[in-house]
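With mmCIF, C-alpha atoms inside, this is model05.cif:
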```cif
data_final
loop_
_atom_site.group_PDB
_atom_site.id
_atom_site.type_symbol
_atom_site.label_atom_id
_atom_site.label_comp_id
_atom_site.auth_asym_id
_atom_site.auth_seq_id
_atom_site.Cartn_x
_atom_site.Cartn_y
_atom_site.Cartn_z
ATOM 1 C CA MET A 87 -24.397 45.922 13.826
ATOM 2 C CA SER A 88 -22.605 48.837 12.166
ATOM 3 C CA SER A 89 -19.214 47.409 13.105
ATOM 4 C CA ALA A 90 -19.710 44.353 10.883
ATOM 5 C CA ALA A 91 -17.968 45.923 7.877
ATOM 6 C CA LYS A 92 -14.863 46.936 9.845
ATOM 7 C CA PRO A 93 -11.684 45.066 8.915
ATOM 8 C CA THR A 94 -10.505 42.903 11.763
ATOM 9 C CA ALA A 95 -6.984 42.099 12.901
ATOM 10 C CA ARG A 96 -7.979 38.853 14.527
ATOM 11 C CA PRO A 97 -6.051 35.793 13.329
ATOM 12 C CA LEU A 98 -8.038 33.789 10.827
ATOM 13 C CA SER A 99 -7.995 30.035 10.557
ATOM 14 C CA PRO A 100 -5.664 28.934 7.772
ATOM 15 C CA HIS A 101 -7.324 28.261 4.455
ATOM 16 C CA LEU A 102 -6.197 25.231 2.464
ATOM 17 C CA GLN A 103 -5.284 27.385 -0.547
ATOM 18 C CA VAL A 104 -2.874 29.638 1.346
ATOM 19 C CA TYR A 105 -1.684 27.294 4.084
ATOM 20 C CA ARG A 106 1.393 25.221 3.343
ATOM 21 C CA LEU A 107 0.632 21.797 4.804
ATOM 22 C CA PRO A 108 3.275 20.440 7.159
ATOM 23 C CA LEU A 109 4.867 17.169 6.027
ATOM 24 C CA THR A 110 2.826 15.189 8.546
ATOM 25 C CA ALA A 111 -0.418 16.549 7.083
ATOM 26 C CA LEU A 112 0.833 16.015 3.539
ATOM 27 C CA LEU A 113 1.564 12.348 4.278
ATOM 28 C CA SER A 114 -1.827 12.006 5.971
ATOM 29 C CA ILE A 115 -3.782 13.034 2.884
ATOM 30 C CA SER A 116 -1.342 11.015 0.749
ATOM 31 C CA HIS A 117 -2.459 7.884 2.594
ATOM 32 C CA ARG A 118 -5.991 8.470 1.289
ATOM 33 C CA ILE A 119 -4.841 9.392 -2.199
ATOM 34 C CA THR A 120 -2.589 6.325 -2.533
ATOM 35 C CA GLY A 121 -5.365 4.167 -1.064
ATOM 36 C CA GLY A 122 -7.741 5.384 -3.759
ATOM 37 C CA GLY A 123 -5.089 4.834 -6.408
ATOM 38 C CA LEU A 124 -4.424 1.308 -5.187
ATOM 39 C CA ALA A 125 -8.161 0.552 -5.335
ATOM 40 C CA VAL A 126 -8.119 1.597 -9.004
ATOM 41 C CA GLY A 127 -4.980 -0.523 -9.429
ATOM 42 C CA LEU A 128 -6.917 -3.556 -8.176
ATOM 43 C CA VAL A 129 -8.902 -3.344 -11.427
ATOM 44 C CA GLY A 130 -5.586 -4.000 -13.198
ATOM 45 C CA LEU A 131 -4.974 -7.011 -10.936
ATOM 46 C CA ALA A 132 -8.442 -8.363 -11.824
ATOM 47 C CA TYR A 133 -7.683 -7.794 -15.530
ATOM 48 C CA TRP A 134 -4.379 -9.712 -15.248
ATOM 49 C CA LEU A 135 -5.968 -12.730 -13.527
ATOM 50 C CA THR A 136 -9.000 -12.745 -15.834
ATOM 51 C CA ALA A 137 -6.793 -12.544 -18.920
ATOM 52 C CA ALA A 138 -4.879 -15.599 -17.691
ATOM 53 C CA ALA A 139 -8.161 -17.501 -17.267
ATOM 54 C CA VAL A 140 -9.490 -16.480 -20.701
ATOM 55 C CA GLY A 141 -6.488 -17.721 -22.672
ATOM 56 C CA ALA A 142 -3.124 -17.109 -24.312
ATOM 57 C CA ASP A 143 -4.334 -14.337 -26.641
ATOM 58 C CA ALA A 144 -5.911 -12.330 -23.843
ATOM 59 C CA TYR A 145 -2.823 -12.866 -21.684
ATOM 60 C CA ALA A 146 -0.535 -11.668 -24.480
ATOM 61 C CA GLN A 147 -2.745 -8.605 -24.909
ATOM 62 C CA PHE A 148 -2.439 -7.837 -21.190
ATOM 63 C CA GLN A 149 1.332 -8.242 -21.356
ATOM 64 C CA GLY A 150 1.481 -5.899 -24.336
ATOM 65 C CA ILE A 151 -0.261 -3.192 -22.311
ATOM 66 C CA ALA A 152 1.741 -3.882 -19.146
ATOM 67 C CA SER A 153 5.098 -3.740 -20.932
ATOM 68 C CA SER A 154 4.293 -0.556 -22.901
ATOM 69 C CA TRP A 155 5.752 2.708 -21.604
ATOM 70 C CA PHE A 156 2.330 3.691 -20.296
ATOM 71 C CA GLY A 157 1.847 0.354 -18.557
ATOM 72 C CA GLN A 158 5.293 0.571 -16.985
ATOM 73 C CA LEU A 159 4.551 4.107 -15.792
ATOM 74 C CA VAL A 160 1.292 2.931 -14.179
ATOM 75 C CA LEU A 161 3.080 -0.057 -12.606
ATOM 76 C CA PHE A 162 5.806 2.233 -11.255
ATOM 77 C CA GLY A 163 3.196 4.546 -9.723
ATOM 78 C CA PHE A 164 1.302 1.540 -8.373
ATOM 79 C CA SER A 165 4.453 0.151 -6.740
ATOM 80 C CA PHE A 166 5.305 3.448 -5.050
ATOM 81 C CA ALA A 167 1.702 3.935 -3.883
ATOM 82 C CA LEU A 168 1.685 0.361 -2.556
ATOM 83 C CA TYR A 169 4.928 0.805 -0.610
ATOM 84 C CA PHE A 170 3.898 4.210 0.722
ATOM 85 C CA HIS A 171 0.492 2.932 1.847
ATOM 86 C CA LEU A 172 2.194 -0.123 3.401
ATOM 87 C CA CYS A 173 4.784 1.915 5.342
ATOM 88 C CA ASN A 174 2.339 4.621 6.391
ATOM 89 C CA GLY A 175 -0.252 1.965 7.248
ATOM 90 C CA ILE A 176 2.228 0.306 9.613
ATOM 91 C CA ARG A 177 2.743 3.740 11.192
ATOM 92 C CA HIS A 178 -1.034 4.045 11.592
ATOM 93 C CA LEU A 179 -1.072 0.699 13.423
ATOM 94 C CA PHE A 180 1.531 2.066 15.872
ATOM 95 C CA TRP A 181 -0.651 5.146 16.330
ATOM 96 C CA ASP A 182 -3.639 2.848 16.948
ATOM 97 C CA ALA A 183 -1.596 1.277 19.737
ATOM 98 C CA GLY A 184 -1.089 4.768 21.195
ATOM 99 C CA LYS A 185 2.591 5.052 20.281
ATOM 100 C CA GLY A 186 4.481 7.793 18.421
ATOM 101 C CA PHE A 187 2.092 10.710 18.926
ATOM 102 C CA LYS A 188 4.690 13.263 20.090
ATOM 103 C CA ILE A 189 5.356 15.863 17.396
ATOM 104 C CA ALA A 190 9.068 14.992 17.246
ATOM 105 C CA ASP A 191 8.210 11.272 16.950
ATOM 106 C CA ALA A 192 5.662 11.932 14.200
ATOM 107 C CA GLN A 193 8.162 14.065 12.278
ATOM 108 C CA ARG A 194 10.759 11.319 12.545
ATOM 109 C CA SER A 195 8.316 8.646 11.386
ATOM 110 C CA ASP A 196 7.365 10.971 8.473
ATOM 111 C CA LYS A 197 10.914 10.605 7.209
ATOM 112 C CA MET A 198 11.027 6.861 7.935
ATOM 113 C CA VAL A 199 7.817 6.299 5.925
ATOM 114 C CA LEU A 200 9.059 8.368 2.973
ATOM 115 C CA ALA A 201 12.496 6.789 3.003
ATOM 116 C CA GLY A 202 10.982 3.292 3.299
ATOM 117 C CA ALA A 203 8.645 3.866 0.349
ATOM 118 C CA ILE A 204 11.399 5.338 -1.856
ATOM 119 C CA VAL A 205 13.997 2.692 -1.001
ATOM 120 C CA LEU A 206 11.574 -0.233 -1.455
ATOM 121 C CA THR A 207 10.383 1.185 -4.814
ATOM 122 C CA ALA A 208 13.988 1.642 -5.942
ATOM 123 C CA ILE A 209 14.990 -1.891 -4.917
ATOM 124 C CA THR A 210 11.932 -3.368 -6.666
ATOM 125 C CA TRP A 211 12.662 -1.656 -9.978
ATOM 126 C CA LEU A 212 16.395 -2.371 -9.790
ATOM 127 C CA VAL A 213 15.601 -6.080 -9.361
ATOM 128 C CA ALA A 214 12.786 -6.119 -11.952
ATOM 129 C CA MET B 35 -14.355 5.473 40.297
ATOM 130 C CA ASN B 36 -17.724 4.184 39.122
ATOM 131 C CA PRO B 37 -17.822 5.300 35.465
ATOM 132 C CA SER B 38 -21.617 5.387 35.419
ATOM 133 C CA ASN B 39 -21.528 8.360 37.782
ATOM 134 C CA ASN B 40 -19.670 10.702 35.438
ATOM 135 C CA SER B 41 -20.670 9.442 31.991
ATOM 136 C CA LEU B 42 -23.178 11.092 29.700
ATOM 137 C CA ARG B 43 -24.016 7.733 28.131
ATOM 138 C CA SER B 44 -27.015 5.861 29.422
ATOM 139 C CA PRO B 45 -26.331 2.478 31.070
ATOM 140 C CA LEU B 46 -28.181 0.751 28.222
ATOM 141 C CA GLY B 47 -26.133 2.620 25.618
ATOM 142 C CA ARG B 48 -22.905 1.611 27.320
ATOM 143 C CA VAL B 49 -23.926 -2.037 27.509
ATOM 144 C CA ARG B 50 -24.791 -2.084 23.815
ATOM 145 C CA GLY B 51 -21.516 -0.324 23.058
ATOM 146 C CA LEU B 52 -22.480 0.519 19.499
ATOM 147 C CA GLY B 53 -22.295 4.315 19.488
ATOM 148 C CA SER B 54 -23.799 6.732 16.980
ATOM 149 C CA ALA B 55 -22.762 4.678 13.941
ATOM 150 C CA LYS B 56 -24.954 1.795 15.227
ATOM 151 C CA GLU B 57 -22.277 -0.756 14.449
ATOM 152 C CA GLY B 58 -19.741 -0.082 17.176
ATOM 153 C CA THR B 59 -16.122 -0.489 16.157
ATOM 154 C CA HIS B 60 -16.821 -3.178 13.560
ATOM 155 C CA HIS B 61 -15.788 -1.160 10.493
ATOM 156 C CA TRP B 62 -12.691 0.247 12.187
ATOM 157 C CA TRP B 63 -11.644 -3.152 13.475
ATOM 158 C CA ALA B 64 -12.246 -4.919 10.143
ATOM 159 C CA GLN B 65 -10.012 -2.351 8.459
ATOM 160 C CA ARG B 66 -7.238 -3.010 11.007
ATOM 161 C CA VAL B 67 -7.503 -6.805 10.725
ATOM 162 C CA THR B 68 -7.342 -6.671 6.919
ATOM 163 C CA ALA B 69 -4.476 -4.139 7.127
ATOM 164 C CA VAL B 70 -2.384 -6.454 9.306
ATOM 165 C CA ALA B 71 -3.152 -9.424 7.030
ATOM 166 C CA LEU B 72 -2.110 -7.387 3.983
ATOM 167 C CA ILE B 73 1.394 -6.658 5.341
ATOM 168 C CA PRO B 74 2.802 -10.175 4.700
ATOM 169 C CA LEU B 75 0.456 -10.708 1.722
ATOM 170 C CA THR B 76 1.749 -7.540 0.015
ATOM 171 C CA ILE B 77 5.387 -8.530 0.511
ATOM 172 C CA TRP B 78 4.670 -12.000 -0.895
ATOM 173 C CA PHE B 79 2.687 -10.484 -3.796
ATOM 174 C CA VAL B 80 5.438 -8.092 -4.891
ATOM 175 C CA TYR B 81 8.098 -10.775 -4.488
ATOM 176 C CA SER B 82 6.016 -13.130 -6.671
ATOM 177 C CA LEU B 83 5.400 -10.467 -9.322
ATOM 178 C CA LEU B 84 9.141 -9.921 -9.657
ATOM 179 C CA GLY B 85 9.584 -13.619 -10.420
ATOM 180 C CA LEU B 86 6.710 -13.635 -12.910
ATOM 181 C CA ALA B 87 7.500 -10.411 -14.791
ATOM 182 C CA GLY B 88 7.951 -10.991 -18.505
ATOM 183 C CA GLY B 89 6.969 -14.675 -18.335
ATOM 184 C CA ASP B 90 4.341 -16.189 -20.634
ATOM 185 C CA LEU B 91 0.983 -17.755 -19.751
ATOM 186 C CA ALA B 92 2.501 -21.243 -19.373
ATOM 187 C CA ALA B 93 4.915 -19.971 -16.742
ATOM 188 C CA PHE B 94 2.116 -18.168 -14.909
ATOM 189 C CA THR B 95 -0.154 -21.238 -15.065
ATOM 190 C CA GLY B 96 2.597 -23.436 -13.670
ATOM 191 C CA TRP B 97 3.230 -20.999 -10.855
ATOM 192 C CA LEU B 98 -0.464 -20.600 -9.978
ATOM 193 C CA SER B 99 -1.015 -24.384 -10.032
ATOM 194 C CA SER B 100 0.823 -24.625 -6.729
ATOM 195 C CA PRO B 101 -1.786 -24.818 -3.930
ATOM 196 C CA ILE B 102 0.227 -22.393 -1.793
ATOM 197 C CA ASN B 103 0.453 -19.789 -4.560
ATOM 198 C CA ALA B 104 -3.224 -20.192 -5.505
ATOM 199 C CA THR B 105 -4.285 -19.844 -1.862
ATOM 200 C CA LEU B 106 -2.116 -16.789 -1.194
ATOM 201 C CA MET B 107 -3.226 -15.151 -4.455
ATOM 202 C CA THR B 108 -6.868 -15.745 -3.497
ATOM 203 C CA LEU B 109 -6.171 -14.126 -0.121
ATOM 204 C CA VAL B 110 -4.458 -11.138 -1.766
ATOM 205 C CA VAL B 111 -7.561 -10.600 -3.909
ATOM 206 C CA ALA B 112 -10.175 -11.245 -1.188
ATOM 207 C CA VAL B 113 -8.487 -9.308 1.614
ATOM 208 C CA GLY B 114 -7.295 -6.597 -0.783
ATOM 209 C CA PHE B 115 -10.728 -5.865 -2.262
ATOM 210 C CA HIS B 116 -12.353 -6.044 1.192
ATOM 211 C CA HIS B 117 -9.812 -3.572 2.607
ATOM 212 C CA ALA B 118 -10.285 -1.334 -0.449
ATOM 213 C CA GLN B 119 -14.070 -1.102 -0.141
ATOM 214 C CA LEU B 120 -13.789 -0.407 3.600
ATOM 215 C CA GLY B 121 -11.386 2.461 2.903
ATOM 216 C CA LEU B 122 -13.301 3.857 -0.082
ATOM 217 C CA GLN B 123 -16.502 3.850 2.007
ATOM 218 C CA VAL B 124 -14.932 6.222 4.552
ATOM 219 C CA VAL B 125 -13.565 8.493 1.828
ATOM 220 C CA PHE B 126 -16.979 8.793 0.149
ATOM 221 C CA GLU B 127 -18.714 9.253 3.513
ATOM 222 C CA ASP B 128 -16.365 12.170 4.174
ATOM 223 C CA TYR B 129 -16.480 13.942 0.815
ATOM 224 C CA VAL B 130 -19.740 13.156 -0.998
ATOM 225 C CA VAL B 131 -22.483 15.699 -0.329
ATOM 226 C CA GLY B 132 -26.041 14.398 -0.268
ATOM 227 C CA HIS B 133 -27.407 11.399 1.565
ATOM 228 C CA ALA B 134 -28.852 9.583 -1.446
ATOM 229 C CA THR B 135 -25.777 10.172 -3.629
ATOM 230 C CA ARG B 136 -23.484 8.974 -0.855
ATOM 231 C CA ILE B 137 -25.440 5.757 -0.350
ATOM 232 C CA ALA B 138 -25.663 5.161 -4.103
ATOM 233 C CA ILE B 139 -21.928 5.680 -4.690
ATOM 234 C CA ASN B 140 -21.010 3.445 -1.777
ATOM 235 C CA MET B 141 -23.291 0.678 -3.024
ATOM 236 C CA ILE B 142 -21.880 0.891 -6.560
ATOM 237 C CA VAL B 143 -18.302 0.810 -5.225
ATOM 238 C CA LYS B 144 -19.043 -2.185 -2.997
ATOM 239 C CA PHE B 145 -20.739 -4.051 -5.855
ATOM 240 C CA LEU B 146 -17.724 -3.317 -8.091
ATOM 241 C CA CYS B 147 -15.206 -4.409 -5.442
ATOM 242 C CA TYR B 148 -16.959 -7.675 -4.636
ATOM 243 C CA GLY B 149 -17.760 -8.298 -8.310
ATOM 244 C CA LEU B 150 -14.161 -7.810 -9.459
ATOM 245 C CA GLY B 151 -12.958 -9.783 -6.428
ATOM 246 C CA ALA B 152 -15.219 -12.713 -7.340
ATOM 247 C CA LEU B 153 -14.114 -12.511 -11.005
ATOM 248 C CA SER B 154 -10.467 -12.562 -9.905
ATOM 249 C CA ILE B 155 -10.918 -15.546 -7.584
ATOM 250 C CA VAL B 156 -12.856 -17.556 -10.182
ATOM 251 C CA SER B 157 -10.071 -16.767 -12.668
ATOM 252 C CA ILE B 158 -7.436 -17.948 -10.183
ATOM 253 C CA LEU B 159 -9.320 -21.221 -9.736
ATOM 254 C CA ILE B 160 -9.742 -21.739 -13.497
ATOM 255 C CA VAL B 161 -5.994 -21.278 -14.020
ATOM 256 C CA ALA B 162 -5.050 -23.322 -10.951
ATOM 257 C CA PHE B 163 -7.293 -26.299 -11.785
ATOM 258 C CA GLY B 164 -6.669 -26.110 -15.528
ATOM 259 C CA ARG B 165 -9.306 -26.252 -18.237
#
```
Mind converting the file's structure to structure tokens?
Amino acid sequence: MSSAAKPTARPLSPHLQVYRLPLTALLSISHRITGGGLAVGLVGLAYWLTAAAVGADAYAQFQGIASSWFGQLVLFGFSFALYFHLCNGIRHLFWDAGKGFKIADAQRSDKMVLAGAIVLTAITWLVA
Amino acid sequence: MNPSNNSLRSPLGRVRGLGSAKEGTHHWWAQRVTAVALIPLTIWFVYSLLGLAGGDLAAFTGWLSSPINATLMTLVVAVGFHHAQLGLQVVFEDYVVGHATRIAINMIVKFLCYGLGALSIVSILIVAFGR
């Protein structure tokens, strides 16, 4: 096999580090990432409910953390992740039903999911 | 048009319908059922949080004393943690190398999810029923 060391002009499969993911692929992995983030966020939900059951001091301590700049930042991220996962999850249910698989349809629903998540997050924090 | 004539699956395998994962579509289906349930639950949850933001414990206790609110909050916790552990299981199955490590991580995550879920539900009941 003396030809093994020869450089080849064949096309290589794209490597993750040099391949710019299309938006559809970016949203796909984002569904997993936000899902993982939301699972971590559920710990915060458990903390909130437990603090309420423990008593007024524990509840005040939770509120102190939640209303700090760090707590607000986490809550903002949680809300966006929740809305994104909700919108993209609804899209997944349409895909499960066999609808919206054409590339043009998927690219349009990309934008609908992103717009839905951004608008819902904005409305939530404008009301809050 | 008899499918048994051009299928690689044995007749017994097709009747059992469980596939290589040995549990059929149960995991997939459970994730879809919990996902659909979480659509209205999530909207209710966020809407409720907006009303509760900044309130003190007395306000929260009063709100959670309503049977409807206590029930829906219990469902948010139960369905939410169940959906989370189903999803995390697939992620770890995909990315964790090593059979023993994968099983161990999945068990720990499931114990944590159900443990925190139980803690949350007990806390809801304590607040709802009053001490």
Please return as a PyMOL selection string every residue within 12 Å of (-9.1, -6.8, 7.5), taking into account all atoms listed in the file and the file's own coordinates. chain B and resi 60-73+75+109-110+112-121
Hey, what comes out of the PyMOL selection byres ((chain B) within 7 of (chain A)) on this file? Could you write it as a PDB file with C-alpha atoms, keeping the file's coordinate frame?
```pdb
ATOM      1  CA  ILE B  73       1.394  -6.658   5.341  1.00  0.00           C
ATOM      2  CA  LEU B  84       9.141  -9.921  -9.657  1.00  0.00           C
ATOM      3  CA  LEU B  91       0.983 -17.755 -19.751  1.00  0.00           C
ATOM      4  CA  ALA B 118     -10.285  -1.334  -0.449  1.00  0.00           C
ATOM      5  CA  LEU B 122     -13.301   3.857  -0.082  1.00  0.00           C
ATOM      6  CA  LEU B 150     -14.161  -7.810  -9.459  1.00  0.00           C
ATOM      7  CA  SER B 154     -10.467 -12.562  -9.905  1.00  0.00           C
ATOM      8  CA  SER B 157     -10.071 -16.767 -12.668  1.00  0.00           C
ATOM      9  CA  ILE B 158      -7.436 -17.948 -10.183  1.00  0.00           C
ATOM     10  CA  ILE B 160      -9.742 -21.739 -13.497  1.00  0.00           C
ATOM     11  CA  VAL B 161      -5.994 -21.278 -14.020  1.00  0.00           C
TER      12      VAL B 161
END
```
Distance in Å - atom CA of A:Ser116 versus atom CA of A:Ile204: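 Atom CA of A:Ile204 lies 14.2 Å from atom CA of A:Ser116.
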Give as a list in words the residues that the PyMOL selection byres ((chain B and resi 96-101) around 8) matches when applied to the coordinates above.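 Given this file, the PyMOL selection byres ((chain B and resi 96-101) around 8) evaluates to Ala92, Ala93, Phe94, Thr95, Ile102, Asn103, Ala104, Thr105, Ile158, Val161, Ala162 and Phe163 of chain B.
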Box along x, y and z, 8 Å on every side, all listed atoms of stretch 182-192 of chain A inside: centre and edge lengths in Å to one decimal, as AutoDock Vina command-line options.
```
--center_x 2.7 --center_y 8.6 --center_z 17.7 --size_x 28.7 --size_y 30.6 --size_z 23.0
```
Kindly give the distance, in Å, that separates atom CA of A:Ala111 and atom CA of B:Phe126, rounded to a single decimal. 19.6 Å
Separation of atom CA of A:Gln147 from atom CA of B:Phe145, in Å and rounded to one decimal: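 Atom-to-atom, atom CA of A:Gln147 to atom CA of B:Phe145, that is 26.6 Å.
Contact shell of A:Ile189 at 12 Å (only C-alpha atoms; same-chain neighbours under 3 positions omitted): A:Pro108, A:Leu109, A:Thr110, A:Ala111, A:Lys185, A:Gly186, A:Ala192, A:Gln193, A:Arg194, A:Ser195, A:Asp196.
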